[in-house]
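Below: work.cif (mmCIF, C-alpha atoms)
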```cif
data_input
#
loop_
_atom_site.label_atom_id
_atom_site.label_comp_id
_atom_site.auth_asym_id
_atom_site.auth_seq_id
_atom_site.Cartn_x
_atom_site.Cartn_y
_atom_site.Cartn_z
CA MET C 135 0.00 0.00 0.00
CA SER C 136 1.37 3.40 -0.97
CA PRO C 137 2.03 5.99 1.76
CA GLU C 138 -0.72 8.20 0.35
CA MET C 139 -3.29 5.41 0.53
CA LYS C 140 -2.14 4.45 4.01
CA THR C 141 -2.63 7.99 5.36
CA LEU C 142 -6.04 8.27 3.65
CA LEU C 143 -7.08 4.95 5.18
CA ASN C 144 -5.96 6.23 8.59
CA ILE C 145 -8.18 9.30 8.16
CA PHE C 146 -11.19 7.11 7.36
CA ILE C 147 -10.48 4.84 10.35
CA LEU C 148 -10.13 7.91 12.59
CA GLY C 149 -13.42 9.28 11.25
CA PHE C 150 -15.29 5.99 11.66
CA GLY C 151 -13.93 5.60 15.21
CA PHE C 152 -15.25 9.04 16.14
CA MET C 153 -18.52 8.35 14.31
CA PHE C 154 -19.20 5.27 16.45
CA MET C 155 -18.08 6.96 19.68
CA PHE C 156 -20.11 10.09 19.18
CA ALA C 157 -23.13 8.27 17.78
CA ALA C 158 -23.28 6.90 21.32
CA PHE C 159 -22.14 9.97 23.29
CA GLN C 160 -24.14 12.63 21.43
CA THR C 161 -27.26 10.49 21.65
CA CYS C 162 -26.58 10.10 25.38
CA GLY C 163 -26.26 13.87 25.79
CA ASN C 164 -29.40 14.47 23.77
CA ILE C 165 -31.61 12.22 25.91
CA GLU C 166 -29.97 12.15 29.35
CA GLN C 167 -31.97 14.96 30.96
CA THR C 168 -35.20 13.35 29.75
CA VAL C 169 -34.03 9.95 31.00
CA ILE C 170 -32.97 11.33 34.37
CA LYS C 171 -36.46 12.75 34.92
CA SER C 172 -37.92 9.28 34.43
CA PHE C 173 -35.68 7.44 36.93
CA ASN C 174 -37.70 5.30 39.32
CA SER C 175 -35.29 5.99 42.18
CA THR C 176 -35.44 8.37 45.11
CA GLU C 177 -31.70 8.00 45.73
CA PHE C 178 -30.60 9.64 42.49
CA HIS C 179 -30.50 13.45 42.48
CA GLY C 180 -28.36 14.26 39.43
CA SER C 181 -29.00 16.74 36.64
CA GLY C 182 -28.05 16.23 33.01
CA TYR C 183 -27.45 19.95 32.60
CA THR C 184 -25.11 20.03 35.61
CA SER C 185 -23.26 16.98 34.30
CA MET C 186 -22.64 18.63 30.94
CA ALA C 187 -21.55 21.84 32.68
CA ILE C 188 -18.96 19.81 34.62
CA ILE C 189 -17.79 18.03 31.46
CA TYR C 190 -17.22 21.22 29.48
CA GLY C 191 -15.75 23.10 32.43
CA VAL C 192 -13.19 20.36 33.12
CA PHE C 193 -12.63 20.02 29.36
CA SER C 194 -11.61 23.67 29.08
CA ALA C 195 -9.15 23.45 31.98
CA SER C 196 -7.72 20.09 30.87
CA ASN C 197 -6.56 21.52 27.54
CA LEU C 198 -3.44 22.63 29.43
CA ILE C 199 -2.40 19.08 30.35
CA ALA C 200 -3.71 17.16 27.34
CA PRO C 201 -0.63 17.76 25.10
CA SER C 202 1.60 16.27 27.79
CA VAL C 203 -0.54 13.13 28.03
CA VAL C 204 -0.53 12.65 24.26
CA ALA C 205 3.23 13.21 24.14
CA VAL C 206 3.86 10.56 26.80
CA ILE C 207 1.56 7.71 25.68
CA GLY C 208 1.08 8.60 22.02
CA PRO C 209 -2.05 9.61 20.08
CA GLN C 210 -3.32 6.08 19.43
CA LEU C 211 -3.40 4.98 23.06
CA SER C 212 -4.71 8.43 24.03
CA LEU C 213 -7.69 7.91 21.73
CA PHE C 214 -8.29 4.38 23.03
CA PHE C 215 -8.18 5.18 26.76
CA SER C 216 -10.23 8.35 26.28
CA GLY C 217 -12.79 6.27 24.40
CA LEU C 218 -12.99 3.84 27.32
CA VAL C 219 -13.79 6.76 29.65
CA TYR C 220 -16.57 7.91 27.29
CA SER C 221 -17.94 4.35 27.26
CA GLY C 222 -17.82 4.25 31.06
CA TYR C 223 -19.84 7.47 31.27
CA ILE C 224 -22.53 6.00 29.01
CA ALA C 225 -22.54 2.66 30.86
CA MET C 226 -23.09 4.51 34.14
CA PHE C 227 -26.71 5.16 33.07
CA ILE C 228 -27.47 1.43 33.17
CA HIS C 229 -27.45 1.53 37.00
CA PRO C 230 -26.93 5.20 37.91
CA PHE C 231 -25.81 6.65 41.23
CA THR C 232 -25.37 10.34 41.93
CA TRP C 233 -21.72 9.98 42.97
CA SER C 234 -20.79 7.87 39.93
CA PHE C 235 -22.68 10.24 37.62
CA TYR C 236 -20.70 13.33 38.63
CA THR C 237 -17.40 11.46 38.99
CA ALA C 238 -17.79 10.16 35.44
CA SER C 239 -18.56 13.71 34.29
CA VAL C 240 -15.21 14.93 35.63
CA LEU C 241 -13.34 12.03 34.01
CA VAL C 242 -15.03 12.60 30.65
CA GLY C 243 -14.02 16.27 30.77
CA ILE C 244 -10.37 15.25 31.13
CA ALA C 245 -10.72 12.51 28.51
CA ALA C 246 -12.32 14.93 26.04
CA ALA C 247 -9.28 17.23 26.11
CA VAL C 248 -6.93 14.28 25.54
CA LEU C 249 -9.19 12.83 22.83
CA TRP C 250 -9.39 15.99 20.73
CA THR C 251 -5.69 16.78 21.16
CA ALA C 252 -4.82 13.28 19.92
CA GLN C 253 -7.30 13.62 17.06
CA GLY C 254 -5.67 16.85 15.90
CA ASN C 255 -2.23 15.24 16.15
CA LEU C 256 -3.22 12.19 14.07
CA LEU C 257 -5.01 14.35 11.51
CA THR C 258 -1.89 16.49 11.13
CA ILE C 259 0.67 13.68 10.80
CA ASN C 260 -1.53 11.91 8.23
CA SER C 261 -1.91 15.05 6.09
CA THR C 262 0.19 17.36 3.98
CA ASP C 263 -0.41 21.01 3.07
CA SER C 264 -2.27 19.85 -0.03
CA THR C 265 -4.45 17.21 1.70
CA ILE C 266 -5.23 18.81 5.08
CA GLY C 267 -8.41 20.45 3.73
CA ARG C 268 -9.67 17.25 2.14
CA ASN C 269 -8.83 15.13 5.18
CA SER C 270 -10.47 17.61 7.56
CA GLY C 271 -13.60 17.50 5.42
CA ILE C 272 -13.68 13.69 5.40
CA PHE C 273 -13.27 13.54 9.18
CA TRP C 274 -15.86 16.26 9.81
CA ALA C 275 -18.44 14.60 7.55
CA LEU C 276 -18.01 11.19 9.20
CA LEU C 277 -18.27 12.80 12.64
CA GLN C 278 -21.54 14.53 11.76
CA PHE C 279 -23.03 11.26 10.50
CA SER C 280 -22.90 10.18 14.15
CA LEU C 281 -26.01 12.29 14.71
CA PHE C 282 -28.07 9.89 12.58
CA PHE C 283 -27.63 6.41 13.94
CA GLY C 284 -28.14 6.71 17.70
CA ASN C 285 -30.96 9.20 17.29
CA LEU C 286 -32.64 6.97 14.69
CA TYR C 287 -32.65 4.13 17.22
CA ILE C 288 -34.15 6.43 19.88
CA TYR C 289 -36.92 7.41 17.47
CA VAL C 290 -37.79 3.79 16.68
CA ALA C 291 -37.41 2.43 20.24
CA TRP C 292 -39.32 5.22 21.96
CA HIS C 293 -42.05 5.75 19.36
CA GLY C 294 -45.39 6.10 21.13
CA LYS C 295 -43.92 6.04 24.64
CA ALA C 296 -45.04 8.72 27.09
CA HIS C 297 -42.83 7.34 29.90
CA ILE C 298 -39.32 5.85 29.75
CA THR C 299 -39.16 2.73 31.93
CA ASP C 300 -36.04 1.35 33.59
CA GLU C 301 -36.01 -1.47 31.05
CA ASP C 302 -36.18 1.02 28.15
CA ARG C 303 -33.31 3.00 29.66
CA GLN C 304 -31.10 -0.03 30.27
CA ARG C 305 -31.66 -1.44 26.79
CA VAL C 306 -30.73 1.87 25.15
CA PHE C 307 -27.60 2.50 27.22
CA ILE C 308 -26.28 -1.05 26.90
CA LEU C 309 -26.47 -0.66 23.13
CA LEU C 310 -24.86 2.80 23.23
CA THR C 311 -22.04 1.47 25.42
CA VAL C 312 -21.29 -1.31 22.94
CA ILE C 313 -21.31 1.15 20.03
CA SER C 314 -18.90 3.44 21.87
CA LEU C 315 -16.55 0.54 22.64
CA VAL C 316 -16.50 -0.47 18.97
CA GLY C 317 -15.32 3.05 18.11
CA SER C 318 -12.58 2.89 20.75
CA PHE C 319 -11.17 -0.40 19.45
CA LEU C 320 -11.23 0.84 15.85
CA PHE C 321 -8.37 3.20 16.73
CA PHE C 322 -6.02 0.20 16.95
CA LEU C 323 -6.40 -0.21 13.17
CA ILE C 324 -4.63 3.11 12.55
CA GLN C 325 -1.22 2.39 11.01
CA ARG C 326 1.98 4.21 11.90
CA THR C 327 3.21 6.67 9.28
CA GLU C 328 6.36 8.67 8.82
CA PRO C 329 5.26 12.31 8.53
CA GLU C 330 7.29 14.77 6.52
CA SER C 331 9.18 17.10 8.80
CA THR C 332 9.34 20.79 8.14
CA SER C 333 12.28 22.83 9.30
CA SER C 334 10.30 24.18 12.24
CA GLU C 335 9.30 20.66 13.25
CA VAL C 336 12.93 19.52 13.05
CA THR C 337 13.99 22.42 15.24
CA GLU C 338 11.21 21.67 17.71
CA SER C 339 12.16 17.98 17.83
CA LEU C 340 15.63 18.95 19.07
CA LEU C 341 14.14 20.69 22.10
CA PRO C 342 13.17 18.98 25.35
CA LYS C 343 9.44 18.10 25.52
CA GLU C 344 9.03 20.20 28.63
CA VAL C 345 10.32 23.26 26.78
CA CYS C 346 8.01 22.66 23.78
CA GLU C 347 4.95 22.19 26.00
CA SER C 348 5.80 25.27 28.08
CA ASN C 349 6.21 27.32 24.91
CA SER C 350 2.85 26.04 23.60
CA VAL C 351 1.03 27.13 26.76
CA ALA C 352 2.76 30.52 26.74
CA LYS C 353 1.97 30.99 23.06
CA ALA C 354 -1.70 30.13 23.64
CA VAL C 355 -1.92 32.76 26.38
CA GLN C 356 -0.19 35.28 24.11
CA LEU C 357 -2.58 34.59 21.22
CA ALA C 358 -5.62 34.79 23.50
CA VAL C 359 -5.06 38.52 24.08
CA THR C 360 -4.41 39.51 20.46
CA LYS C 361 -6.90 41.83 18.81
CA GLU C 362 -8.01 39.22 16.27
CA MET C 363 -8.57 36.46 18.84
CA LEU C 364 -10.42 38.79 21.21
CA LEU C 365 -12.76 39.72 18.35
CA LEU C 366 -13.27 36.09 17.35
CA SER C 367 -13.74 34.97 20.95
CA ILE C 368 -17.27 36.44 21.01
CA SER C 369 -18.25 34.39 17.96
CA ILE C 370 -16.56 31.32 19.44
CA ALA C 371 -18.42 31.89 22.71
CA TYR C 372 -21.67 31.98 20.77
CA THR C 373 -20.95 28.56 19.24
CA GLY C 374 -20.50 27.24 22.78
CA LEU C 375 -23.90 28.61 23.81
CA GLU C 376 -25.76 27.23 20.83
CA LEU C 377 -23.89 23.91 21.09
CA THR C 378 -25.39 23.55 24.56
CA PHE C 379 -28.83 24.43 23.28
CA TYR C 380 -29.08 22.09 20.30
CA SER C 381 -27.17 19.17 21.89
CA GLY C 382 -29.01 19.05 25.21
CA VAL C 383 -31.62 21.67 26.00
CA TYR C 384 -33.69 21.56 22.82
CA GLY C 385 -34.20 17.79 22.92
CA THR C 386 -35.39 18.09 26.53
CA CYS C 387 -37.84 20.81 25.49
CA ILE C 388 -39.33 18.64 22.74
CA GLY C 389 -39.68 15.65 25.07
CA ALA C 390 -41.49 17.80 27.64
CA MET C 391 -44.21 19.01 25.26
CA THR C 392 -47.25 16.88 26.11
CA LEU C 393 -49.19 18.69 23.39
CA PHE C 394 -46.96 16.93 20.84
CA GLY C 395 -48.69 13.70 21.93
CA ASP C 396 -47.31 10.32 22.95
CA ASN C 397 -44.61 10.62 20.29
CA ALA C 398 -42.91 13.56 22.02
CA LYS C 399 -40.16 11.33 23.50
CA SER C 400 -39.39 9.69 20.14
CA LEU C 401 -39.25 13.14 18.52
CA ILE C 402 -36.04 13.75 20.50
CA GLY C 403 -34.30 11.18 18.31
CA LEU C 404 -35.86 12.54 15.13
CA SER C 405 -34.76 16.04 16.13
CA GLY C 406 -31.15 14.86 16.40
CA ILE C 407 -31.39 13.38 12.90
CA PHE C 408 -32.62 16.67 11.44
CA ILE C 409 -29.85 18.57 13.23
CA GLY C 410 -27.42 16.16 11.57
CA ILE C 411 -28.95 16.78 8.14
CA GLY C 412 -28.48 20.52 8.61
CA GLU C 413 -24.89 20.06 9.82
CA ILE C 414 -23.89 17.82 6.92
CA LEU C 415 -25.60 19.97 4.30
CA GLY C 416 -24.00 23.16 5.58
CA GLY C 417 -20.60 21.56 6.03
CA SER C 418 -20.67 20.11 2.51
CA ILE C 419 -21.54 23.44 0.93
CA PHE C 420 -19.45 25.82 3.01
CA GLY C 421 -16.71 23.55 4.34
CA MET C 422 -15.76 20.76 1.95
CA LEU C 423 -16.73 22.34 -1.38
CA ASN C 424 -15.41 25.86 -0.62
CA GLN C 425 -17.77 27.39 -3.17
CA PHE C 426 -18.21 30.72 -1.41
CA ASN C 427 -14.64 31.68 -0.53
CA ARG C 428 -14.42 34.23 -3.33
CA PHE C 429 -17.15 36.19 -1.56
CA GLY C 430 -15.36 35.98 1.79
CA ARG C 431 -16.57 34.43 5.01
CA ASN C 432 -18.92 37.19 6.14
CA PRO C 433 -21.91 36.21 3.93
CA VAL C 434 -21.80 32.63 5.25
CA VAL C 435 -21.71 33.81 8.88
CA LEU C 436 -24.56 36.23 8.16
CA LEU C 437 -26.55 33.34 6.70
CA GLY C 438 -25.81 31.32 9.85
CA LEU C 439 -27.05 34.16 12.05
CA PHE C 440 -30.24 34.58 10.01
CA THR C 441 -30.86 30.81 10.10
CA HIS C 442 -30.42 30.69 13.88
CA PHE C 443 -32.56 33.76 14.51
CA LEU C 444 -35.35 32.21 12.42
CA ALA C 445 -35.02 28.98 14.42
CA PHE C 446 -35.04 30.85 17.74
CA PHE C 447 -38.15 32.81 16.74
CA LEU C 448 -40.03 29.67 15.71
CA ILE C 449 -38.93 27.84 18.89
CA PHE C 450 -40.15 30.78 20.98
CA LEU C 451 -43.54 30.56 19.25
CA ASN C 452 -43.79 26.75 19.28
CA ILE C 453 -42.31 25.56 22.59
CA ALA C 454 -43.67 26.30 26.09
CA SER C 455 -41.53 28.63 28.17
CA ASP C 456 -41.09 26.17 31.04
CA ALA C 457 -40.18 23.18 28.82
CA PRO C 458 -36.45 23.14 29.79
CA LEU C 459 -37.40 22.86 33.47
CA ALA C 460 -40.53 20.69 33.21
CA PRO C 461 -40.83 17.46 35.26
CA GLU C 462 -40.89 13.99 33.71
CA GLU C 463 -44.64 14.25 33.10
CA GLY C 464 -43.96 17.22 30.81
CA THR C 465 -45.63 20.60 30.60
CA ASN C 466 -49.26 21.36 29.83
CA LEU C 467 -48.43 24.87 28.68
CA GLN C 468 -48.39 25.57 24.98
CA GLY C 469 -46.61 27.94 22.65
CA PHE C 470 -48.13 30.76 20.67
CA ILE C 471 -48.65 28.61 17.57
CA THR C 472 -50.09 25.09 17.46
CA PRO C 473 -48.38 23.56 14.37
CA ASN C 474 -45.39 21.44 15.36
CA VAL C 475 -42.36 22.99 13.63
CA ALA C 476 -39.83 21.37 16.01
CA LEU C 477 -38.10 19.35 13.27
CA LEU C 478 -37.80 22.36 10.97
CA CYS C 479 -36.14 24.21 13.83
CA SER C 480 -33.78 21.26 14.38
CA PHE C 481 -32.67 21.45 10.75
CA LEU C 482 -32.16 25.23 10.99
CA LEU C 483 -30.11 24.85 14.19
CA GLY C 484 -27.79 22.34 12.49
CA LEU C 485 -27.45 24.40 9.31
CA GLY C 486 -26.66 27.59 11.22
CA ASP C 487 -24.15 25.81 13.45
CA SER C 488 -22.27 24.49 10.41
CA CYS C 489 -22.15 28.01 8.93
CA PHE C 490 -20.51 29.43 12.03
CA ASN C 491 -18.12 26.57 12.72
CA THR C 492 -16.78 26.11 9.19
CA GLN C 493 -16.00 29.82 8.89
CA LEU C 494 -14.50 30.09 12.38
CA LEU C 495 -12.21 27.13 11.68
CA SER C 496 -11.27 28.73 8.38
CA ILE C 497 -10.47 32.19 9.75
CA VAL C 498 -8.56 30.91 12.78
CA GLY C 499 -6.40 28.76 10.49
CA PHE C 500 -5.94 31.72 8.13
CA ILE C 501 -5.00 34.38 10.68
CA PHE C 502 -2.90 32.12 12.92
CA ARG C 503 -1.38 30.03 10.17
CA ASP C 504 2.01 29.78 11.88
CA ASP C 505 0.59 29.07 15.35
CA SER C 506 -2.39 26.86 14.56
CA ALA C 507 -2.03 24.44 17.48
CA PRO C 508 -2.13 27.02 20.31
CA ALA C 509 -4.73 29.05 18.39
CA PHE C 510 -7.11 26.10 18.20
CA ALA C 511 -6.41 25.35 21.85
CA VAL C 512 -7.70 28.86 22.64
CA PHE C 513 -10.67 28.17 20.34
CA LYS C 514 -11.60 24.98 22.23
CA PHE C 515 -11.05 26.65 25.60
CA ALA C 516 -13.40 29.56 24.82
CA GLN C 517 -16.04 27.30 23.29
CA SER C 518 -16.05 24.74 26.09
CA ILE C 519 -16.08 27.28 28.94
CA THR C 520 -19.15 29.05 27.51
CA ALA C 521 -20.83 25.68 26.87
CA ALA C 522 -20.23 24.83 30.53
CA LEU C 523 -21.76 28.15 31.59
CA ALA C 524 -24.80 27.58 29.37
CA PHE C 525 -25.43 24.08 30.72
CA PHE C 526 -25.23 25.53 34.22
CA TYR C 527 -27.82 28.28 33.70
CA SER C 528 -30.06 25.84 31.77
CA ASN C 529 -31.00 24.42 35.19
CA TYR C 530 -32.64 27.71 36.16
CA LEU C 531 -33.65 29.88 33.18
CA LEU C 532 -36.92 29.65 31.27
CA LEU C 533 -36.74 29.11 27.53
CA GLN C 534 -37.23 32.73 26.46
CA TRP C 535 -34.28 33.93 28.53
CA GLN C 536 -31.99 31.26 27.11
CA LEU C 537 -33.03 32.28 23.61
CA LEU C 538 -32.49 35.97 24.40
CA ILE C 539 -28.94 35.33 25.62
CA MET C 540 -28.12 33.53 22.37
CA VAL C 541 -29.68 36.30 20.26
CA VAL C 542 -27.64 39.03 21.97
CA VAL C 543 -24.34 37.13 21.96
CA GLY C 544 -24.92 35.89 18.40
CA PHE C 545 -25.57 39.40 17.09
CA ILE C 546 -22.51 40.89 18.81
CA GLY C 547 -20.41 37.87 17.79
CA THR C 548 -21.37 38.28 14.14
CA LEU C 549 -20.39 41.95 14.15
CA SER C 550 -17.06 41.13 15.80
CA PHE C 551 -16.48 38.38 13.22
CA PHE C 552 -17.01 40.92 10.43
CA VAL C 553 -14.38 43.20 11.97
CA ALA C 554 -11.95 40.29 12.40
CA GLU C 555 -12.48 39.25 8.76
CA TRP C 556 -11.90 42.77 7.46
CA THR C 557 -8.79 43.06 9.64
CA ALA C 558 -7.46 39.75 8.36
CA VAL C 559 -8.02 40.73 4.72
CA SER C 560 -6.30 44.10 5.16
CA HIS C 561 -3.29 42.50 6.87
CA ARG C 562 -2.98 39.78 4.24
CA ARG C 563 -3.85 41.83 1.14
CA ASP C 564 -0.76 40.67 -0.67
CA SER C 565 -1.32 36.98 0.14
CA ASP C 566 -3.26 34.50 -1.95
CA TYR C 567 -6.52 34.93 -0.05
CA ASP C 568 -8.68 33.00 -2.51
CA SER C 569 -6.62 29.85 -2.04
CA ILE C 570 -7.41 29.62 1.69
#
```

Starting from the coordinates I provided, produce the structure as structure tokens.
Amino acid sequence: MSPEMKTLLNIFILGFGFMFMFAAFQTCGNIEQTVIKSFNSTEFHGSGYTSMAIIYGVFSASNLIAPSVVAVIGPQLSLFFSGLVYSGYIAMFIHPFTWSFYTASVLVGIAAAVLWTAQGNLLTINSTDSTIGRNSGIFWALLQFSLFFGNLYIYVAWHGKAHITDEDRQRVFILLTVISLVGSFLFFLIQRTEPESTSSEVTESLLPKEVCESNSVAKAVQLAVTKEMLLLSISIAYTGLELTFYSGVYGTCIGAMTLFGDNAKSLIGLSGIFIGIGEILGGSIFGMLNQFNRFGRNPVVLLGLFTHFLAFFLIFLNIASDAPLAPEEGTNLQGFITPNVALLCSFLLGLGDSCFNTQLLSIVGFIFRDDSAPAFAVFKFAQSITAALAFFYSNYLLLQWQLLIMVVVGFIGTLSFFVAEWTAVSHRRDSDYDSI
């Protein structure tokens, strides 16, 4: 097998491993608050929102130590052991206890930082300057397909159920645990390659690991306070807020709407599928195909903002205000309109999210071309810390206030993105902008 085919195969294996893992984990996150409300146990007092807040909070802090872990045990073992932690978190729902629930949340936060650092490392060493865009697109598309399979099972298994029994819960989470484990073991199929070394990489390889890691942390802190990153940080923070909403809060809202009938619980799974359709469609158009680069990134971000604002307006009209906080029996309140447009809103949320994320990844890589690793570390830190904050306040705020926060931050973030884009273009006027 030629080296080119070997690296391409590694990218597909990496993508399929993440697809299996996150088919399980994202489905778990989408349904866990609904499942927790249905527990037939007086000894369990956990909250899915609080768990996700812990995960993303620990994730943001653990980005500082993750490069050291990957450097010591290697990216392949880092992926495998992190995958086992994800599987353990999912398996915990089979027989949940409050202490194990929150302990697993902390461990997953640490594992997430290691997992994504190792993923970036493997993606880089299996790519060249000419294939990094293609390989990133392949990986991203396979990852987004994870939204289909677990959510499709939830739709079929919970169709017509108004209450989730212990048997229903155990059956679902046993299956999700097995799926996650399959993804973890797939990482052992990744073959070792010999990456081409640039002069900077050769110089870095001559330095002690401690020096390289210290320089990476210092560089990340330095980049975090640059004008461009400060401008982009508002947009990045917005993606953290809406990530929380579409991956956890919105599914809970749909499941709580008794006016949607006995199929409300199964609609959670169908909602995840429509989010995935929006993500893949948007990513294919604006990420992989790069059809709109000659117009710049601003029109795509503006389209993402319009798409999200339309979704937020329809959700405000369609979903009861107390749906995020409703008990297991659901809410008897209704929205301002009776037609169920929940799935349309799911599609719009996914499409808008892909618009923002593809353009943020593009502009961060463009502006911080020579310092991409610490720049993306700052990106993940800002995104995960705001996601943690959003999961925390989701325990207390009614739906309209959560939507208002996203509208305000999204509007300001879009304006700051425009300024960052114009600044980047003016600074790189003599560079080949259209090739990025």

Tell me which of C:Ile419, C:Ala238, C:Ile165, C:Leu451 sits closest to Asn285 (chain C), counting all atoms listed in the file.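 Going through C:Ile419, C:Ala238, C:Ile165, C:Leu451 one by one, the smallest distance to Asn285 (chain C) is for C:Ile165.
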
Please evaluate the PyMOL selection byres ((chain C and resi 153-164) around 7) against the structure above and give the resulting residues as a ChimeraX atom specification. /C:149-152,165-166,224,276-277,279-281,283-285,310-311,313-314,316-318,381-382,385

Rounded to one decimal, what separation in Å do you get between CA of Ile170 (chain C) and CA of Ala460 (chain C)?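 It comes out at 12.1 Å.
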
Let me make sure I understand: among C:Phe545, C:Phe273, C:Tyr380, C:Trp250, which one has the smallest atom-to-atom distance to Leu213 (chain C) if we use all atoms listed in the file?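 Closest candidate: C:Trp250.
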
9 Å contact set for Met226 (chain C), all atoms listed in the file, chain neighbours under 5 positions out, as a count of residues only: 6

Hey, which of C:Leu549, C:Val351, C:Leu485, C:Leu218 ends up closest to Val312 (chain C)? Count all atoms listed in the file.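 Result for the nearest residue to Val312 (chain C): C:Leu218.
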
Have a look at C:Pro458, C:Gly464, C:Gly547, C:Pro433 and name the one nearest to Tyr183 (chain C); count all atoms listed in the file. C:Pro458

Going by the chain IDs and residue numbers used in this file, which residues fall under the PyMOL selection byres ((chain C and resi 172) around 12)? Write them as a PyMOL selection string. chain C and resi 165-171+173-176+178-181+295-303+389-390+399+460-464

One number please: CA of Leu366 (chain C) to CA of Phe551 (chain C), in Å, one decimal. 5.7 Å

Contact check, region 244-334 of chain C to region 502-520 of chain C, at most 9 Å, counting all atoms listed in the file, closest pairs as CSV:
```
residue,atom,partner,partner_atom,distance
C:Ala247,CA,C:Lys514,CA,9.0
C:Thr251,CA,C:Ala511,CA,8.6
C:Gly254,CA,C:Ala507,CA,8.6
```

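Taking CA of Tyr236 (chain C) as the reference point, CA of Phe321 (chain C) is found at 27.1 Å.
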
Would you list the contacts of Ala476 (chain C) as an NGL selection string, taking every protein, DNA or RNA residue within 9 Å and counting all atoms listed in the file, but skipping same-chain residues closer than 2 positions in sequence? :C and (388 or 401 or 405 or 448-449 or 452-453 or 473-474 or 478-481)

Pick out the residues sitting within 8 Å of Tyr372 (chain C), and hand them over as number ranges by chain; count only C-alpha atoms, and ignore anything fewer than 3 positions along from it in its own chain. C: 368-369, 375-376, 517, 520, 540, 543-544, 547

Excluding Ala187 (chain C) and its own-chain neighbours fewer than 4 positions away, which residues fall within 10 Å of it when counting all atoms listed in the file? Please give them as a PDB file with C-alpha atoms, keeping the file's coordinate frame.
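The file below, selection-v5.pdb, is the result:
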```
ATOM      1  CA  SER C 181     -29.000  16.740  36.640  1.00  0.00           C
ATOM      2  CA  GLY C 182     -28.050  16.230  33.010  1.00  0.00           C
ATOM      3  CA  TYR C 183     -27.450  19.950  32.600  1.00  0.00           C
ATOM      4  CA  GLY C 191     -15.750  23.100  32.430  1.00  0.00           C
ATOM      5  CA  VAL C 192     -13.190  20.360  33.120  1.00  0.00           C
ATOM      6  CA  PHE C 193     -12.630  20.020  29.360  1.00  0.00           C
ATOM      7  CA  SER C 239     -18.560  13.710  34.290  1.00  0.00           C
ATOM      8  CA  VAL C 240     -15.210  14.930  35.630  1.00  0.00           C
ATOM      9  CA  GLY C 243     -14.020  16.270  30.770  1.00  0.00           C
ATOM     10  CA  THR C 378     -25.390  23.550  24.560  1.00  0.00           C
ATOM     11  CA  SER C 518     -16.050  24.740  26.090  1.00  0.00           C
ATOM     12  CA  ILE C 519     -16.080  27.280  28.940  1.00  0.00           C
ATOM     13  CA  THR C 520     -19.150  29.050  27.510  1.00  0.00           C
ATOM     14  CA  ALA C 521     -20.830  25.680  26.870  1.00  0.00           C
ATOM     15  CA  ALA C 522     -20.230  24.830  30.530  1.00  0.00           C
ATOM     16  CA  LEU C 523     -21.760  28.150  31.590  1.00  0.00           C
ATOM     17  CA  ALA C 524     -24.800  27.580  29.370  1.00  0.00           C
ATOM     18  CA  PHE C 525     -25.430  24.080  30.720  1.00  0.00           C
ATOM     19  CA  PHE C 526     -25.230  25.530  34.220  1.00  0.00           C
ATOM     20  CA  TYR C 527     -27.820  28.280  33.700  1.00  0.00           C
ATOM     21  CA  SER C 528     -30.060  25.840  31.770  1.00  0.00           C
TER      22      SER C 528
END
```

For the structure provided, state which residues fall under the PyMOL selection byres ((chain C and resi 413) around 7), and present them as a ChimeraX atom specification. /C:278,409-412,414-417,484-485,487-488
